[in-house]
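For reference, my_file-v3.txt is printed below; it contains compact mmCIF, C-alpha atoms.
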```txt
# COMPACT_ATOMS: atom_id res chain seq x y z
CA MET A 1 32.68 18.15 173.88
CA SER A 2 34.42 15.07 175.30
CA ASP A 3 31.44 12.80 174.65
CA LYS A 4 31.56 13.73 170.97
CA GLN A 5 35.22 12.70 170.80
CA VAL A 6 34.62 9.49 172.74
CA ARG A 7 31.68 8.58 170.51
CA SER A 8 33.67 9.16 167.33
CA MET A 9 36.45 6.93 168.64
CA LEU A 10 34.23 4.14 169.96
CA GLU A 11 31.96 4.04 166.93
CA LYS A 12 34.83 2.50 165.00
CA LEU A 13 35.41 -0.33 167.47
CA ASP A 14 34.44 -3.86 166.57
CA GLY A 15 31.16 -4.95 168.10
CA PHE A 16 29.41 -8.27 168.17
CA ALA A 17 26.94 -8.68 165.31
CA PHE A 18 24.27 -11.37 165.29
CA ASP A 19 23.42 -13.19 162.07
CA GLU A 20 19.70 -12.65 162.54
CA VAL A 21 17.66 -10.18 164.55
CA PRO A 22 15.55 -12.18 167.03
CA TRP A 23 11.99 -11.04 167.65
CA THR A 24 9.54 -11.69 170.48
CA THR A 25 6.06 -10.20 170.20
CA PRO A 26 5.29 -8.62 173.58
CA LYS A 27 2.15 -8.78 175.66
CA PRO A 28 0.36 -5.46 176.18
CA LEU A 29 2.55 -3.15 178.28
CA SER A 30 -0.10 -2.83 180.99
CA GLU A 31 0.01 -6.60 181.52
CA SER A 32 3.78 -6.97 181.32
CA ARG A 33 6.32 -7.52 184.05
CA VAL A 34 9.38 -5.36 183.45
CA ALA A 35 13.02 -5.85 184.47
CA ILE A 36 16.07 -3.64 184.00
CA VAL A 37 19.24 -5.20 182.67
CA THR A 38 22.10 -2.71 182.72
CA THR A 39 25.71 -2.82 181.57
CA ALA A 40 26.75 -0.20 184.14
CA GLY A 41 28.61 -2.68 186.33
CA LEU A 42 26.38 -2.25 189.39
CA THR A 43 27.11 -4.12 192.59
CA VAL A 44 25.05 -4.61 195.76
CA ASP A 45 27.77 -5.58 198.23
CA GLY A 46 29.68 -2.30 198.32
CA ASN A 47 32.38 -3.63 195.99
CA ALA A 48 33.48 -0.77 193.71
CA ASP A 49 35.82 -2.90 191.59
CA TRP A 50 34.80 -4.80 188.44
CA ASN A 51 37.66 -6.15 186.36
CA PRO A 52 37.74 -5.58 182.60
CA GLY A 53 37.03 -8.96 181.05
CA ASP A 54 34.66 -10.15 183.78
CA GLN A 55 31.51 -11.15 181.84
CA GLY A 56 29.55 -12.18 184.91
CA PHE A 57 26.47 -10.42 186.27
CA ASN A 58 24.97 -9.34 189.59
CA ARG A 59 21.39 -9.71 190.79
CA ILE A 60 19.86 -6.49 192.07
CA ALA A 61 16.80 -6.81 194.30
CA HIS A 62 14.04 -4.34 193.34
CA ASP A 63 14.39 -2.64 196.73
CA ALA A 64 18.20 -2.65 196.95
CA ASP A 65 19.19 0.79 198.17
CA GLU A 66 22.96 0.53 198.48
CA LEU A 67 24.17 0.21 194.93
CA THR A 68 27.70 0.88 193.70
CA LEU A 69 28.69 1.64 190.13
CA ALA A 70 31.88 -0.41 189.69
CA HIS A 71 32.51 -0.12 185.94
CA TYR A 72 36.23 0.01 185.10
CA SER A 73 36.15 2.56 182.25
CA PRO A 74 37.21 6.12 183.13
CA ASN A 75 35.51 7.46 179.99
CA PHE A 76 32.07 8.44 181.25
CA ASP A 77 30.48 10.69 183.87
CA ARG A 78 29.69 9.30 187.31
CA THR A 79 28.45 12.43 189.09
CA GLY A 80 24.97 11.96 187.61
CA TRP A 81 24.83 8.47 189.11
CA ILE A 82 25.90 9.77 192.53
CA MET A 83 23.15 12.41 192.54
CA ASP A 84 20.40 10.11 191.21
CA LYS A 85 20.64 6.36 190.63
CA ASN A 86 17.64 6.57 188.30
CA VAL A 87 19.73 8.26 185.63
CA VAL A 88 21.31 4.81 185.11
CA PHE A 89 18.95 2.41 186.88
CA PRO A 90 15.43 3.89 186.62
CA ILE A 91 13.79 1.68 189.22
CA ASP A 92 11.76 4.53 190.78
CA ARG A 93 10.32 5.43 187.38
CA LEU A 94 9.25 1.80 186.79
CA ASN A 95 7.64 1.64 190.24
CA GLU A 96 5.66 4.79 189.44
CA MET A 97 4.56 3.35 186.10
CA ALA A 98 3.44 0.14 187.79
CA ALA A 99 1.51 2.09 190.45
CA GLU A 100 -0.28 3.98 187.67
CA GLY A 101 -0.99 0.81 185.74
CA VAL A 102 1.08 1.83 182.73
CA ILE A 103 3.11 -1.37 183.11
CA GLY A 104 1.87 -4.56 184.72
CA SER A 105 4.50 -4.95 187.42
CA VAL A 106 8.16 -4.49 188.26
CA ALA A 107 10.38 -7.57 188.53
CA GLU A 108 11.67 -8.68 191.92
CA THR A 109 15.19 -9.01 190.57
CA HIS A 110 17.10 -6.92 188.04
CA LEU A 111 20.54 -7.64 186.61
CA SER A 112 23.79 -5.85 185.89
CA PHE A 113 26.59 -6.89 183.60
CA MET A 114 29.51 -4.62 182.73
CA GLY A 115 29.85 -3.21 179.23
CA ALA A 116 32.94 -2.19 177.25
CA GLN A 117 34.13 -5.79 177.29
CA PRO A 118 37.53 -6.23 175.67
CA ASP A 119 36.51 -9.64 174.26
CA HIS A 120 34.20 -8.66 171.42
CA THR A 121 33.10 -12.25 170.83
CA LEU A 122 31.32 -12.06 174.23
CA GLU A 123 31.61 -15.84 174.35
CA THR A 124 31.03 -16.16 178.09
CA ILE A 125 27.92 -13.98 177.98
CA ARG A 126 26.49 -15.74 174.93
CA LEU A 127 27.12 -19.27 176.15
CA ASP A 128 27.21 -19.11 179.91
CA THR A 129 26.21 -16.04 181.92
CA GLY A 130 23.64 -14.79 179.38
CA PRO A 131 21.59 -18.01 179.47
CA ALA A 132 21.88 -18.07 183.28
CA ALA A 133 20.55 -14.51 183.38
CA ALA A 134 17.65 -15.45 181.08
CA GLU A 135 16.75 -18.34 183.37
CA LEU A 136 16.58 -16.05 186.39
CA LEU A 137 14.39 -13.57 184.53
CA HIS A 138 12.06 -16.38 183.41
CA GLU A 139 11.78 -17.61 187.00
CA ASP A 140 10.60 -14.10 187.90
CA ASN A 141 8.03 -14.22 185.02
CA VAL A 142 9.55 -11.18 183.31
CA ASP A 143 8.06 -10.18 179.93
CA ILE A 144 9.87 -6.98 178.96
CA ILE A 145 13.47 -5.96 179.55
CA LEU A 146 14.72 -2.38 179.53
CA LEU A 147 18.43 -2.35 178.64
CA THR A 148 20.44 0.59 179.93
CA PRO A 149 24.11 1.38 179.13
CA VAL A 150 26.47 3.93 180.67
CA MET B 1 20.27 -13.10 173.25
CA LEU B 2 17.58 -12.21 175.82
CA GLU B 3 15.09 -11.62 173.01
CA GLN B 4 15.91 -15.08 171.66
CA SER B 5 15.05 -16.46 175.10
CA GLY B 6 11.50 -15.12 174.82
CA PHE B 7 11.67 -11.61 176.29
CA ALA B 8 10.79 -8.44 174.44
CA THR B 9 13.77 -6.14 174.87
CA VAL B 10 14.12 -2.39 174.45
CA ALA B 11 17.62 -0.90 174.48
CA LEU B 12 18.63 2.65 175.30
CA SER B 13 21.58 3.37 173.01
CA SER B 14 24.46 5.73 173.74
CA ILE B 15 26.82 5.16 170.79
CA ARG B 16 25.04 5.06 167.48
CA GLY B 17 27.72 3.22 165.48
CA GLN B 18 27.76 0.45 168.06
CA ILE B 19 23.99 0.01 168.12
CA GLU B 20 23.99 -0.12 164.32
CA THR B 21 26.52 -2.97 164.47
CA THR B 22 24.77 -4.90 167.20
CA SER B 23 21.35 -4.20 165.68
CA PRO B 24 19.09 -5.22 168.59
CA PRO B 25 15.35 -5.67 167.95
CA ARG B 26 14.34 -2.28 169.43
CA ALA B 27 16.60 0.63 170.34
CA LEU B 28 16.11 4.27 171.24
CA HIS B 29 19.32 6.16 170.54
CA CYS B 30 19.89 9.02 172.97
CA GLU B 31 22.60 11.66 172.49
CA PHE B 32 22.82 12.18 176.23
CA PRO B 33 26.04 12.43 178.23
CA LEU B 34 27.83 9.10 178.50
CA GLY B 35 27.10 7.75 181.97
CA ARG B 36 23.64 9.35 182.07
CA PRO B 37 21.53 7.11 179.79
CA LEU B 38 18.25 8.53 181.15
CA GLY B 39 19.52 12.03 180.40
CA LYS B 40 18.97 14.17 183.46
CA PRO B 41 19.60 13.30 187.12
CA ASN B 42 16.79 14.29 189.49
CA ASP B 43 14.39 15.03 186.64
CA ALA B 44 11.71 12.39 186.97
CA ASP B 45 9.54 13.84 184.18
CA PHE B 46 12.38 13.73 181.68
CA GLN B 47 13.40 10.21 182.67
CA ARG B 48 9.80 9.07 182.44
CA GLU B 49 9.47 10.52 178.95
CA VAL B 50 12.60 8.66 177.81
CA ILE B 51 11.24 5.36 179.11
CA GLU B 52 7.82 5.93 177.54
CA HIS B 53 9.50 6.82 174.26
CA ALA B 54 11.47 3.57 174.46
CA PHE B 55 8.43 1.46 175.40
CA ALA B 56 6.51 2.90 172.45
CA LEU B 57 8.86 0.85 170.25
CA LEU B 58 7.12 -2.27 171.61
CA ASP B 59 4.17 -1.37 169.36
CA GLU B 60 6.23 -2.08 166.24
CA THR B 61 5.44 -5.37 164.55
CA SER B 62 8.85 -6.10 163.04
CA GLY B 63 12.44 -5.01 163.50
CA PRO B 64 15.14 -4.04 163.95
CA VAL B 65 13.77 -0.68 165.02
CA LEU B 66 16.24 2.14 165.70
CA VAL B 67 14.79 5.53 166.61
CA ASP B 68 16.60 8.71 167.66
CA HIS B 69 15.45 10.62 170.70
CA PRO B 70 14.84 14.19 169.48
CA ILE B 71 16.64 15.92 172.36
CA GLU B 72 20.41 16.17 172.54
CA ILE B 73 22.16 16.91 175.85
CA LYS B 74 25.79 17.98 175.67
CA ASP B 75 28.37 17.22 178.32
CA GLY B 76 30.01 20.04 180.28
CA SER B 77 33.67 19.19 179.74
CA ASP B 78 34.29 22.58 178.12
CA SER B 79 33.05 24.35 181.26
CA PRO B 80 34.97 23.04 184.27
CA LEU B 81 33.00 23.12 187.49
CA SER B 82 33.69 26.14 189.63
CA CYS B 83 34.46 25.26 193.21
CA VAL B 84 36.84 26.46 195.89
CA ILE B 85 38.84 23.87 197.76
CA PRO B 86 38.73 24.38 201.54
CA PRO B 87 42.17 24.93 203.09
CA SER B 88 43.62 22.47 205.57
CA ASP B 89 46.52 22.68 208.02
CA THR B 90 48.89 20.26 206.33
CA SER B 91 52.18 22.08 205.96
CA ASP B 92 54.21 18.88 205.99
CA ARG B 93 52.33 17.22 203.12
CA SER B 94 52.74 17.41 199.35
CA PRO B 95 50.46 20.03 197.72
CA ALA B 96 48.18 17.36 196.24
CA ALA B 97 47.89 15.41 199.51
CA SER B 98 47.16 18.64 201.35
CA GLU B 99 44.49 19.52 198.82
CA ALA B 100 42.81 16.11 199.21
CA LEU B 101 42.78 16.43 203.01
CA GLY B 102 40.94 19.71 202.57
CA LEU B 103 38.34 17.95 200.42
CA LEU B 104 37.61 15.09 202.80
CA PRO B 105 34.79 16.87 204.71
CA ALA B 106 33.08 17.73 201.39
CA TRP B 107 33.37 14.13 200.21
CA LYS B 108 31.79 12.99 203.48
CA ARG B 109 28.92 15.44 203.03
CA THR B 110 28.21 14.08 199.53
CA HIS B 111 28.35 10.51 200.81
CA LYS B 112 25.98 11.30 203.65
CA LYS B 113 23.53 13.13 201.40
CA TYR B 114 23.32 10.63 198.55
CA GLY B 115 24.45 7.39 200.23
CA ARG B 116 26.51 6.39 197.22
CA SER B 117 30.18 6.43 196.28
CA THR B 118 32.30 4.90 193.55
CA VAL B 119 35.48 5.19 195.62
CA GLY B 120 36.83 1.85 196.84
CA LYS B 121 38.23 -0.05 193.88
CA VAL B 122 41.50 -0.35 195.80
CA ILE B 123 41.56 2.38 198.45
CA SER B 124 39.15 4.15 200.76
CA SER B 125 38.51 7.89 200.76
CA ASN B 126 40.79 8.30 203.80
CA GLN B 127 43.74 6.91 201.83
CA VAL B 128 43.48 9.39 198.95
CA PRO B 129 46.04 11.86 200.42
CA ASP B 130 48.60 9.08 200.96
CA MET B 131 48.11 7.84 197.40
CA LEU B 132 48.69 11.34 196.09
CA ASP B 133 52.03 11.37 197.91
CA LEU B 134 52.93 8.19 195.99
CA PHE B 135 51.75 9.58 192.64
CA THR B 136 53.74 12.75 193.32
CA ARG B 137 56.85 10.58 193.48
CA ILE B 138 55.92 8.94 190.15
CA ALA B 139 55.36 12.39 188.63
CA ASP B 140 58.81 13.37 189.91
CA GLY B 141 60.38 10.47 188.06
CA GLU B 142 60.40 7.44 190.38
CA ASP B 143 59.52 4.04 188.91
CA TRP B 144 55.78 3.45 189.53
CA LYS B 145 56.48 -0.15 190.52
CA GLU B 146 58.80 0.97 193.31
CA VAL B 147 56.75 3.56 195.22
CA GLY B 148 54.53 1.07 197.05
CA LEU B 149 51.13 1.46 195.37
CA PRO B 150 48.77 -1.08 196.97
CA GLY B 151 47.26 -2.20 193.63
CA ASP B 152 46.53 -1.42 189.98
CA PRO B 153 47.50 2.26 189.40
CA THR B 154 44.56 2.83 187.04
CA LYS B 155 42.11 1.75 189.76
CA ILE B 156 43.82 3.89 192.39
CA ALA B 157 43.74 6.86 189.99
CA ALA B 158 40.01 6.17 189.46
CA ASP B 159 39.47 6.16 193.23
CA ILE B 160 41.29 9.50 193.50
CA ARG B 161 39.35 11.09 190.66
CA ASN B 162 36.00 9.75 191.88
CA PHE B 163 36.80 11.08 195.38
CA TYR B 164 37.44 14.54 193.94
CA GLU B 165 34.36 14.53 191.72
CA GLU B 166 32.13 13.34 194.55
CA ALA B 167 33.56 16.00 196.87
CA SER B 168 32.95 18.67 194.23
CA ILE B 169 29.21 17.95 194.23
CA SER B 170 29.07 19.38 197.77
CA LEU B 171 31.30 22.36 196.93
CA SER B 172 29.43 23.54 193.86
CA ASP B 173 26.44 25.86 193.92
CA SER B 174 24.62 23.82 191.31
CA SER B 175 24.48 20.15 190.28
CA PRO B 176 27.50 19.44 188.08
CA SER B 177 26.74 18.90 184.41
CA ALA B 178 28.30 15.74 182.98
CA ARG B 179 32.11 15.86 182.90
CA SER B 180 32.30 19.37 184.37
CA ALA B 181 33.69 17.89 187.60
CA GLU B 182 36.05 15.74 185.52
CA SER B 183 37.41 18.82 183.72
CA TRP B 184 37.78 20.62 187.03
CA PHE B 185 39.73 17.68 188.49
CA VAL B 186 42.06 17.23 185.54
CA ASN B 187 42.70 20.87 184.71
CA GLU B 188 42.35 22.80 187.94
CA THR B 189 43.48 20.63 190.84
CA GLN B 190 46.91 19.66 192.14
CA ALA B 191 45.85 16.03 192.10
CA GLY B 192 44.79 16.15 188.45
CA ASP B 193 48.14 17.67 187.56
CA VAL B 194 50.00 14.95 189.47
CA ILE B 195 48.07 12.14 187.76
CA GLN B 196 48.60 13.76 184.35
CA LYS B 197 52.35 14.05 184.96
CA SER B 198 52.48 10.47 186.26
CA ARG B 199 50.69 9.29 183.12
CA ILE B 200 53.23 11.04 180.92
CA LYS B 201 56.19 9.65 182.91
CA MET B 202 54.78 6.12 182.77
CA LYS B 203 54.10 6.40 179.05
CA GLU B 204 57.60 7.74 178.36
CA SER B 205 59.24 4.97 180.37
CA GLY B 206 57.63 2.27 178.23
CA THR B 207 55.02 1.11 180.76
CA ASN B 208 52.37 -1.31 179.46
CA PHE B 209 49.65 0.65 177.59
CA TYR B 210 46.85 -0.31 179.99
CA PHE B 211 48.56 1.13 183.06
CA TRP B 212 49.12 4.63 181.71
CA TYR B 213 46.24 4.94 179.23
CA TYR B 214 43.50 4.33 181.79
CA LEU B 215 44.94 6.69 184.40
CA LEU B 216 42.69 9.45 183.03
CA PRO B 217 39.73 9.67 180.61
CA MET B 218 41.02 9.37 177.07
CA THR B 219 39.82 12.87 176.20
CA GLN B 220 41.85 14.34 179.07
CA HIS B 221 45.30 13.17 177.95
CA HIS B 222 47.26 16.40 177.64
CA GLU B 223 50.66 15.67 176.12
CA PRO B 224 53.66 17.90 176.91
CA LYS B 225 54.19 20.65 174.37
CA ASP B 226 57.14 20.15 172.01
CA SER B 227 60.01 22.30 173.18
```
Give the structure from the file, written as structure tokens.
Amino acid sequence: MSDKQVRSMLEKLDGFAFDEVPWTTPKPLSESRVAIVTTAGLTVDGNADWNPGDQGFNRIAHDADELTLAHYSPNFDRTGWIMDKNVVFPIDRLNEMAAEGVIGSVAETHLSFMGAQPDHTLETIRLDTGPAAAELLHEDNVDIILLTPV
Amino acid sequence: MLEQSGFATVALSSIRGQIETTSPPRALHCEFPLGRPLGKPNDADFQREVIEHAFALLDETSGPVLVDHPIEIKDGSDSPLSCVIPPSDTSDRSPAASEALGLLPAWKRTHKKYGRSTVGKVISSNQVPDMLDLFTRIADGEDWKEVGLPGDPTKIAADIRNFYEEASISLSDSSPSARSAESWFVNETQAGDVIQKSRIKMKESGTNFYFWYYLLPMTQHHEPKDS
């Protein structure tokens, strides 16, 4: 029942709240290009270390096969990730959906930040790395983003 | 922020209170084990259903939309994984280091099979036994700053724990449920005992919160019984 305890503790933490909820009306799913943006702290260079407080992000090529989960928090399961990357980063599922025509296409590049940031203002993400990430996704003509936590 | 930039976003949520605070445009809250946001490893049908459930929220015409996935998956922390640690000929090593040496072949099998590891924040898998010798000294009362750890003790402890959990995947008859390997490591291995004792010693000696708190998952901090 550890997850229950962790959830009850983390639910009380401060989080960043936006003043308004933004809204973009999507194209039909079957015509949309989809990217994954995860907060799992994934790396592509074999580096297993991601410092708490680092609000940067990594680019993950759609066919990257050597991914490492480098998140600093000890408070979640990693064995699921070892046995199947799709339980965090469901790239194979998106490829299947694109092949079946359920979604339009899968982005060339996906992104990973790391969650559980100690700075709840998320200033760097909001003003610096977030806009840089958006630019990359626009360059890849992405329409829909699936956000996955850990 | 991404939605504001012109993308339609759909979030999988793992902590309901947090998603209520952040209030993104579209979120599917899933009571799945933390660390497994798609629910079930190696279950493509289940993962696909979760994604389709999430993408269905794109049909809504206004938000925020927060929907609960109807299936709950509990973690296995109450049922530690059952696995036998292979013996190794290491009579001159500490019990924890000896135990880790016995696990190295299993860790290598897991790494070969899945091609992934989370070991390597500070140390490699081959260094785990040596690090357990150092943590044994901390558990026995030596100052953690004096034993020669090659980096942040919380990261080295994470490398040790991840090494054990990854090795356990190859020693168990079935795929570990979430946190069952964690409970096995903390409660049933020499290494888990050494890290727990080190954590208590570091806490008692007034070490900075970060360095002892993150040595183990926060739900696995077992304090000494009052005598």
Would you list which chain A residues are within 6 Å of chain B using all atoms listed in the file, as a compact mmCIF listing (two decimals) with C-alpha atoms, in the frame of the given file?
```txt
# COMPACT_ATOMS: atom_id res chain seq x y z
CA SER A 2 34.42 15.07 175.30
CA ARG A 7 31.68 8.58 170.51
CA GLU A 11 31.96 4.04 166.93
CA PHE A 16 29.41 -8.27 168.17
CA ALA A 17 26.94 -8.68 165.31
CA PRO A 22 15.55 -12.18 167.03
CA THR A 24 9.54 -11.69 170.48
CA PRO A 26 5.29 -8.62 173.58
CA ALA A 48 33.48 -0.77 193.71
CA ASP A 49 35.82 -2.90 191.59
CA LEU A 69 28.69 1.64 190.13
CA PRO A 74 37.21 6.12 183.13
CA ASN A 75 35.51 7.46 179.99
CA PHE A 76 32.07 8.44 181.25
CA ASP A 77 30.48 10.69 183.87
CA GLY A 80 24.97 11.96 187.61
CA ILE A 82 25.90 9.77 192.53
CA ASP A 84 20.40 10.11 191.21
CA VAL A 87 19.73 8.26 185.63
CA VAL A 88 21.31 4.81 185.11
CA ASP A 143 8.06 -10.18 179.93
CA ILE A 144 9.87 -6.98 178.96
CA ILE A 145 13.47 -5.96 179.55
CA LEU A 146 14.72 -2.38 179.53
CA LEU A 147 18.43 -2.35 178.64
CA THR A 148 20.44 0.59 179.93
CA VAL A 150 26.47 3.93 180.67
```
Quick one: residues within 8 Å of A:Thr38, all atoms listed in the file counted, chain neighbours fewer than 3 positions away excluded, as a ChimeraX atom specification?
/A:41-42,88-89,111-114,147-149
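Atom CA of A:His138 sits 10.6 Å away from atom CA of A:Arg33.
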Polymer residues at most 7 Å from (55.0, 11.4, 186.5) by only C-alpha atoms, as number ranges by chain:
B: 138-141, 194, 197-202
Serialized selection, C-alpha atoms, as a PDB file, in the frame of the given file:
```pdb
ATOM      1  CA  ILE B 138      55.920   8.940 190.150  1.00  0.00           C
ATOM      2  CA  ALA B 139      55.360  12.390 188.630  1.00  0.00           C
ATOM      3  CA  ASP B 140      58.810  13.370 189.910  1.00  0.00           C
ATOM      4  CA  GLY B 141      60.380  10.470 188.060  1.00  0.00           C
ATOM      5  CA  VAL B 194      50.000  14.950 189.470  1.00  0.00           C
ATOM      6  CA  LYS B 197      52.350  14.050 184.960  1.00  0.00           C
ATOM      7  CA  SER B 198      52.480  10.470 186.260  1.00  0.00           C
ATOM      8  CA  ARG B 199      50.690   9.290 183.120  1.00  0.00           C
ATOM      9  CA  ILE B 200      53.230  11.040 180.920  1.00  0.00           C
ATOM     10  CA  LYS B 201      56.190   9.650 182.910  1.00  0.00           C
ATOM     11  CA  MET B 202      54.780   6.120 182.770  1.00  0.00           C
TER      12      MET B 202
END
```
Neighbouring residues of B:Pro70 were defined as those with any atom within 12 Å, considering only C-alpha atoms; residues of the same chain fewer than 3 positions away were excluded. Please report them as a PDB file with C-alpha atoms, in the frame of the given file.
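Output saved as part_2.pdb:
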```
ATOM      1  CA  LEU B  28      16.110   4.270 171.240  1.00  0.00           C
ATOM      2  CA  HIS B  29      19.320   6.160 170.540  1.00  0.00           C
ATOM      3  CA  CYS B  30      19.890   9.020 172.970  1.00  0.00           C
ATOM      4  CA  GLU B  31      22.600  11.660 172.490  1.00  0.00           C
ATOM      5  CA  PHE B  32      22.820  12.180 176.230  1.00  0.00           C
ATOM      6  CA  GLU B  49       9.470  10.520 178.950  1.00  0.00           C
ATOM      7  CA  VAL B  50      12.600   8.660 177.810  1.00  0.00           C
ATOM      8  CA  HIS B  53       9.500   6.820 174.260  1.00  0.00           C
ATOM      9  CA  VAL B  67      14.790   5.530 166.610  1.00  0.00           C
ATOM     10  CA  ILE B  73      22.160  16.910 175.850  1.00  0.00           C
TER      11      ILE B  73
END
```
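Atom pair atom CA of B:Ser172 / atom CA of B:Pro80 has a distance of 11.1 Å (rounded to one decimal).
Nearest to A:Asp119 of all the residues A:Ala40, A:Asp45, A:Thr25, A:Gly53 is A:Gly53, counting only C-alpha atoms.
Straight-line separation from atom CA of A:Glu66 to atom CA of A:Val106: 18.7 Å.
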Given the point (5.9, -8.3, 185.0) in the coordinates of this file, which residues lie within 7 Å, counting all atoms listed in the file, and how would they look as a list in words?
Ser32, Arg33, Val34, Gly104, Ser105, Val106, Ala107, Asn141, Val142 and Asp143 of chain A
How would stretch 28-42 of chain B read, as an mmCIF file, in the frame of the given file, once N, CA and C atoms are built in?
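Output (selection-v6.cif):
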```
data_model
loop_
_atom_site.group_PDB
_atom_site.id
_atom_site.type_symbol
_atom_site.label_atom_id
_atom_site.label_comp_id
_atom_site.auth_asym_id
_atom_site.auth_seq_id
_atom_site.Cartn_x
_atom_site.Cartn_y
_atom_site.Cartn_z
ATOM 1 N N LEU B 28 16.310 2.816 171.277
ATOM 2 C CA LEU B 28 16.110 4.270 171.240
ATOM 3 C C LEU B 28 17.491 4.887 171.450
ATOM 4 N N HIS B 29 17.993 5.544 170.404
ATOM 5 C CA HIS B 29 19.320 6.160 170.540
ATOM 6 C C HIS B 29 19.192 7.543 171.181
ATOM 7 N N CYS B 30 19.969 7.765 172.216
ATOM 8 C CA CYS B 30 19.890 9.020 172.970
ATOM 9 C C CYS B 30 21.256 9.700 172.985
ATOM 10 N N GLU B 31 21.347 10.885 172.408
ATOM 11 C CA GLU B 31 22.600 11.660 172.490
ATOM 12 C C GLU B 31 22.630 12.402 173.818
ATOM 13 N N PHE B 32 22.719 11.629 174.882
ATOM 14 C CA PHE B 32 22.820 12.180 176.230
ATOM 15 C C PHE B 32 24.260 11.951 176.704
ATOM 16 N N PRO B 33 24.676 12.651 177.755
ATOM 17 C CA PRO B 33 26.040 12.430 178.230
ATOM 18 C C PRO B 33 26.300 10.955 178.570
ATOM 19 N N LEU B 34 27.465 10.471 178.179
ATOM 20 C CA LEU B 34 27.830 9.100 178.500
ATOM 21 C C LEU B 34 27.884 8.952 180.018
ATOM 22 N N GLY B 35 27.219 7.934 180.527
ATOM 23 C CA GLY B 35 27.100 7.750 181.970
ATOM 24 C C GLY B 35 25.757 8.207 182.510
ATOM 25 N N ARG B 36 24.971 8.877 181.660
ATOM 26 C CA ARG B 36 23.640 9.350 182.070
ATOM 27 C C ARG B 36 22.599 8.911 181.026
ATOM 28 N N PRO B 37 22.388 7.591 180.889
ATOM 29 C CA PRO B 37 21.530 7.110 179.790
ATOM 30 C C PRO B 37 20.079 7.582 179.863
ATOM 31 N N LEU B 38 19.609 7.971 181.056
ATOM 32 C CA LEU B 38 18.250 8.530 181.150
ATOM 33 C C LEU B 38 18.263 10.047 181.016
ATOM 34 N N GLY B 39 19.438 10.615 180.776
ATOM 35 C CA GLY B 39 19.520 12.030 180.400
ATOM 36 C C GLY B 39 19.807 13.002 181.512
ATOM 37 N N LYS B 40 18.857 13.107 182.460
ATOM 38 C CA LYS B 40 18.970 14.170 183.460
ATOM 39 C C LYS B 40 18.765 13.606 184.869
ATOM 40 N N PRO B 41 19.795 13.724 185.730
ATOM 41 C CA PRO B 41 19.600 13.300 187.120
ATOM 42 C C PRO B 41 18.574 14.179 187.816
ATOM 43 N N ASN B 42 17.793 13.570 188.689
ATOM 44 C CA ASN B 42 16.790 14.290 189.490
ATOM 45 C C ASN B 42 15.770 15.038 188.635
#
```
